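> Dropping in structure-v8.pdb, which is PDB, C-alpha atoms, pLDDT in the B column:
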ATOM      1  CA  MET A   1     125.018  44.185  67.240  1.00 62.00           C
ATOM      2  CA  ASN A   2     126.043  40.906  65.649  1.00 82.00           C
ATOM      3  CA  TYR A   3     124.898  37.889  67.605  1.00 92.00           C
ATOM      4  CA  GLU A   4     125.970  34.272  67.264  1.00 93.00           C
ATOM      5  CA  ILE A   5     123.936  31.495  68.811  1.00 95.00           C
ATOM      6  CA  SER A   6     125.874  29.856  71.646  1.00 94.00           C
ATOM      7  CA  GLN A   7     125.495  27.287  74.438  1.00 95.00           C
ATOM      8  CA  GLY A   8     123.884  30.048  76.525  1.00 96.00           C
ATOM      9  CA  THR A   9     121.121  30.722  73.990  1.00 97.00           C
ATOM     10  CA  LEU A  10     117.667  29.514  75.012  1.00 97.00           C
ATOM     11  CA  ALA A  11     115.435  31.059  72.348  1.00 97.00           C
ATOM     12  CA  ILE A  12     115.263  33.737  69.684  1.00 96.00           C
ATOM     13  CA  ILE A  13     111.847  35.224  69.058  1.00 94.00           C
ATOM     14  CA  PRO A  14     110.670  37.932  66.665  1.00 93.00           C
ATOM     15  CA  TYR A  15     110.346  41.412  68.058  1.00 93.00           C
ATOM     16  CA  GLU A  16     108.999  44.612  66.557  1.00 91.00           C
ATOM     17  CA  ASN A  17     110.534  46.250  63.468  1.00 88.00           C
ATOM     18  CA  GLN A  18     112.476  43.222  62.163  1.00 89.00           C
ATOM     19  CA  ASN A  19     114.357  42.764  65.449  1.00 94.00           C
ATOM     20  CA  SER A  20     114.739  39.748  67.708  1.00 95.00           C
ATOM     21  CA  LEU A  21     114.381  39.177  71.408  1.00 96.00           C
ATOM     22  CA  VAL A  22     117.144  36.809  72.504  1.00 97.00           C
ATOM     23  CA  TYR A  23     116.823  34.773  75.689  1.00 97.00           C
ATOM     24  CA  GLU A  24     120.040  33.556  77.250  1.00 96.00           C
ATOM     25  CA  ASP A  25     120.790  31.906  80.602  1.00 94.00           C
ATOM     26  CA  ASP A  26     120.412  34.957  82.811  1.00 88.00           C
ATOM     27  CA  GLU A  27     119.337  37.734  80.494  1.00 94.00           C
ATOM     28  CA  ARG A  28     117.302  38.780  77.508  1.00 94.00           C
ATOM     29  CA  PHE A  29     118.095  41.501  75.026  1.00 95.00           C
ATOM     30  CA  ILE A  30     117.129  42.875  71.635  1.00 96.00           C
ATOM     31  CA  VAL A  31     119.225  42.215  68.542  1.00 96.00           C
ATOM     32  CA  GLU A  32     118.660  44.343  65.463  1.00 95.00           C
ATOM     33  CA  GLU A  33     118.331  41.357  63.128  1.00 94.00           C
ATOM     34  CA  THR A  34     115.505  38.946  62.390  1.00 93.00           C
ATOM     35  CA  PRO A  35     115.600  35.459  63.951  1.00 94.00           C
ATOM     36  CA  PHE A  36     116.262  34.015  60.500  1.00 92.00           C
ATOM     37  CA  LYS A  37     119.199  36.367  59.875  1.00 94.00           C
ATOM     38  CA  ILE A  38     120.694  35.442  63.266  1.00 95.00           C
ATOM     39  CA  MET A  39     120.504  31.762  62.286  1.00 94.00           C
ATOM     40  CA  GLU A  40     122.086  32.422  58.894  1.00 94.00           C
ATOM     41  CA  GLU A  41     124.931  34.412  60.439  1.00 95.00           C
ATOM     42  CA  SER A  42     125.474  31.846  63.207  1.00 95.00           C
ATOM     43  CA  CYS A  43     125.806  29.031  60.670  1.00 94.00           C
ATOM     44  CA  LYS A  44     128.357  31.127  58.730  1.00 94.00           C
ATOM     45  CA  TYR A  45     130.242  31.946  61.944  1.00 93.00           C
ATOM     46  CA  PHE A  46     130.660  28.224  62.600  1.00 93.00           C
ATOM     47  CA  GLY A  47     131.811  27.505  59.043  1.00 92.00           C
ATOM     48  CA  SER A  48     128.736  26.469  57.104  1.00 91.00           C
ATOM     49  CA  SER A  49     125.641  27.933  55.505  1.00 93.00           C
ATOM     50  CA  TYR A  50     122.046  27.776  56.675  1.00 91.00           C
ATOM     51  CA  ASN A  51     120.999  26.144  53.392  1.00 90.00           C
ATOM     52  CA  GLY A  52     123.730  23.524  53.727  1.00 91.00           C
ATOM     53  CA  ARG A  53     122.727  22.756  57.322  1.00 91.00           C
ATOM     54  CA  LYS A  54     119.047  22.565  56.345  1.00 89.00           C
ATOM     55  CA  GLU A  55     119.744  20.250  53.410  1.00 89.00           C
ATOM     56  CA  GLY A  56     121.868  18.002  55.622  1.00 88.00           C
ATOM     57  CA  ALA A  57     119.084  17.766  58.205  1.00 85.00           C
ATOM     58  CA  ARG A  58     116.531  16.994  55.512  1.00 86.00           C
ATOM     59  CA  ASN A  59     118.696  14.185  54.124  1.00 84.00           C
ATOM     60  CA  ILE A  60     119.306  12.626  57.535  1.00 85.00           C
ATOM     61  CA  LEU A  61     115.772  12.992  58.922  1.00 83.00           C
ATOM     62  CA  GLY A  62     113.769  12.623  55.736  1.00 80.00           C
ATOM     63  CA  ALA A  63     111.756  15.673  56.802  1.00 77.00           C
ATOM     64  CA  GLU A  64     110.794  18.610  54.632  1.00 74.00           C
ATOM     65  CA  TYR A  65     109.404  21.157  57.067  1.00 75.00           C
ATOM     66  CA  LYS A  66     110.629  22.733  60.298  1.00 81.00           C
ATOM     67  CA  VAL A  67     113.836  20.711  60.373  1.00 88.00           C
ATOM     68  CA  PRO A  68     116.228  21.243  63.277  1.00 90.00           C
ATOM     69  CA  ILE A  69     119.442  23.000  62.321  1.00 92.00           C
ATOM     70  CA  VAL A  70     122.808  21.796  63.612  1.00 92.00           C
ATOM     71  CA  ILE A  71     124.571  25.114  64.049  1.00 94.00           C
ATOM     72  CA  GLU A  72     127.804  23.664  65.410  1.00 92.00           C
ATOM     73  CA  ASP A  73     128.178  19.902  65.663  1.00 86.00           C
ATOM     74  CA  SER A  74     131.111  19.419  68.047  1.00 88.00           C
ATOM     75  CA  SER A  75     129.230  21.171  70.862  1.00 88.00           C
ATOM     76  CA  ASN A  76     125.832  19.727  69.874  1.00 89.00           C
ATOM     77  CA  LEU A  77     124.427  23.197  69.206  1.00 94.00           C
ATOM     78  CA  ILE A  78     121.027  22.534  67.596  1.00 95.00           C
ATOM     79  CA  ALA A  79     117.976  24.783  67.186  1.00 95.00           C
ATOM     80  CA  PHE A  80     114.523  24.069  65.833  1.00 93.00           C
ATOM     81  CA  PRO A  81     111.931  26.491  64.460  1.00 91.00           C
ATOM     82  CA  THR A  82     108.483  26.614  66.051  1.00 90.00           C
ATOM     83  CA  THR A  83     106.847  27.216  62.668  1.00 85.00           C
ATOM     84  CA  SER A  84     108.082  27.650  59.140  1.00 78.00           C
ATOM     85  CA  PRO A  85     111.126  29.956  59.017  1.00 76.00           C
ATOM     86  CA  GLN A  86     109.261  31.909  56.329  1.00 75.00           C
ATOM     87  CA  ALA A  87     106.511  32.848  58.833  1.00 78.00           C
ATOM     88  CA  ASP A  88     106.675  36.185  60.611  1.00 76.00           C
ATOM     89  CA  ASP A  89     106.113  34.722  64.075  1.00 79.00           C
ATOM     90  CA  PHE A  90     108.510  31.785  64.100  1.00 85.00           C
ATOM     91  CA  CYS A  91     111.004  31.323  66.935  1.00 91.00           C
ATOM     92  CA  TRP A  92     114.270  29.414  67.192  1.00 95.00           C
ATOM     93  CA  ILE A  93     114.492  27.162  70.260  1.00 96.00           C
ATOM     94  CA  SER A  94     117.766  25.601  71.464  1.00 96.00           C
ATOM     95  CA  LEU A  95     116.993  21.890  71.488  1.00 94.00           C
ATOM     96  CA  ASN A  96     119.580  20.823  74.052  1.00 94.00           C
ATOM     97  CA  ARG A  97     118.297  23.437  76.541  1.00 96.00           C
ATOM     98  CA  VAL A  98     114.629  22.289  76.526  1.00 96.00           C
ATOM     99  CA  HIS A  99     113.567  20.531  79.723  1.00 97.00           C
ATOM    100  CA  ASN A 100     109.834  20.173  79.082  1.00 96.00           C
ATOM    101  CA  ILE A 101     106.993  21.460  76.912  1.00 95.00           C
ATOM    102  CA  TYR A 102     103.457  22.265  78.097  1.00 95.00           C
ATOM    103  CA  LYS A 103     100.240  23.007  76.259  1.00 93.00           C
ATOM    104  CA  GLU A 104      98.911  26.465  77.183  1.00 92.00           C
ATOM    105  CA  ASP A 105      95.928  26.574  74.816  1.00 88.00           C
ATOM    106  CA  ASN A 106      95.248  25.674  71.190  1.00 83.00           C
ATOM    107  CA  ASN A 107      97.565  28.387  69.876  1.00 88.00           C
ATOM    108  CA  SER A 108     100.371  28.656  72.402  1.00 92.00           C
ATOM    109  CA  THR A 109     102.917  26.446  74.123  1.00 94.00           C
ATOM    110  CA  ARG A 110     105.065  26.957  77.221  1.00 96.00           C
ATOM    111  CA  ILE A 111     108.671  25.816  76.891  1.00 96.00           C
ATOM    112  CA  LEU A 112     110.569  25.159  80.118  1.00 97.00           C
ATOM    113  CA  PHE A 113     114.347  25.273  79.813  1.00 97.00           C
ATOM    114  CA  ASP A 114     116.988  23.426  81.813  1.00 96.00           C
ATOM    115  CA  ASN A 115     117.643  26.528  83.949  1.00 96.00           C
ATOM    116  CA  ASN A 116     113.945  26.736  85.020  1.00 95.00           C
ATOM    117  CA  LYS A 117     113.255  29.761  82.802  1.00 96.00           C
ATOM    118  CA  ASP A 118     110.272  29.496  80.511  1.00 95.00           C
ATOM    119  CA  ILE A 119     108.684  31.284  77.581  1.00 94.00           C
ATOM    120  CA  VAL A 120     105.346  31.012  75.828  1.00 93.00           C
ATOM    121  CA  VAL A 121     105.532  30.729  72.047  1.00 91.00           C
ATOM    122  CA  PRO A 122     102.665  31.424  69.645  1.00 87.00           C
ATOM    123  CA  CYS A 123     102.225  27.956  68.188  1.00 87.00           C
ATOM    124  CA  SER A 124     100.384  24.791  69.086  1.00 84.00           C
ATOM    125  CA  PHE A 125     101.760  22.114  71.384  1.00 86.00           C
ATOM    126  CA  ARG A 126     101.485  19.588  68.565  1.00 83.00           C
ATOM    127  CA  SER A 127     103.501  21.806  66.251  1.00 81.00           C
ATOM    128  CA  VAL A 128     106.335  22.155  68.759  1.00 79.00           C
TER     129      VAL A 128
END
Translate the structure of the given file into structure tokens.

Amino acid sequence: MNYEISQGTLAIIPYENQNSLVYEDDERFIVEETPFKIMEESCKYFGSSYNGRKEGARNILGAEYKVPIVIEDSSNLIAFPTTSPQADDFCWISLNRVHNIYKEDNNSTRILFDNNKDIVVPCSFRSV
């Protein structure tokens, strides 16, 4: 199954055997691609490359690590990684869908989305 990030996407988290668990408005499902591959393919689908989007974000923000990626600019479709995209446990979070962020413990954070759904991601509150 090919999957492109859309306005309905809340989060993409790693799942067993190089798969991803995708959270959308009213459902969640498994995609047989890594979160990073989904991001790469989504950038291509909307006419750019992941590396081009990352470089653009770095130039604008002056940041080197964990930069948000503008997947499609006319609809303000932006995602940010919870950790380095090279890490096995990183997640993509749709920035415009985040309502609030809560500290769970030193190594996990609860993200509440604008539709009152939430997920817990394996990274610190400070990192998110």
> What's the 9 Å shell around Ala57 (chain A), counting only C-alpha atoms, without same-chain residues fewer than 5 positions away, as a short mmCIF file (atom, residue, chain, number, x, y, z; two decimals) with C-alpha atoms, in the coordinates of the input?

data_model
loop_
_atom_site.label_atom_id
_atom_site.label_comp_id
_atom_site.auth_asym_id
_atom_site.auth_seq_id
_atom_site.Cartn_x
_atom_site.Cartn_y
_atom_site.Cartn_z
CA GLY A 52 123.73 23.52 53.73
CA GLY A 62 113.77 12.62 55.74
CA ALA A 63 111.76 15.67 56.80
CA VAL A 67 113.84 20.71 60.37
CA PRO A 68 116.23 21.24 63.28
CA ILE A 69 119.44 23.00 62.32
CA VAL A 70 122.81 21.80 63.61
#
> Enumerate, as a PyMOL selection string, the residues matched when the PyMOL selection byres ((chain A and resi 12) around 8) is run on the file above.
chain A and resi 9-11+13-14+20-23+35+91-93
> Might you pull out every residue within 9 Å of Asp105 (chain A), with all atoms listed in the file counted and same-chain residues fewer than 4 positions away left off, and present them as a PyMOL selection string?
chain A and resi 109+124-125
> Take the residues that were just selected and, keeping C-alpha atoms, output them as a PDB file, keeping the file's coordinate frame.

ATOM      1  CA  THR A 109     102.917  26.446  74.123  1.00 94.00           C
ATOM      2  CA  SER A 124     100.384  24.791  69.086  1.00 84.00           C
ATOM      3  CA  PHE A 125     101.760  22.114  71.384  1.00 86.00           C
TER       4      PHE A 125
END
> Between CA of Pro122 (chain A) and CA of Arg97 (chain A), what is the distance, to one decimal in Å?
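Spanning CA of Pro122 (chain A) to CA of Arg97 (chain A) is a straight-line distance of 18.9 Å.
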> Rounded to one decimal place, report the CA of Leu61 (chain A)-CA of Asn106 (chain A) distance in Å.
27.1 Å
> Which of these residues is nearest to Lys54 (chain A), using all atoms listed in the file: A:Glu24, A:Asn2, A:Asn76, A:Pro85?
A:Pro85
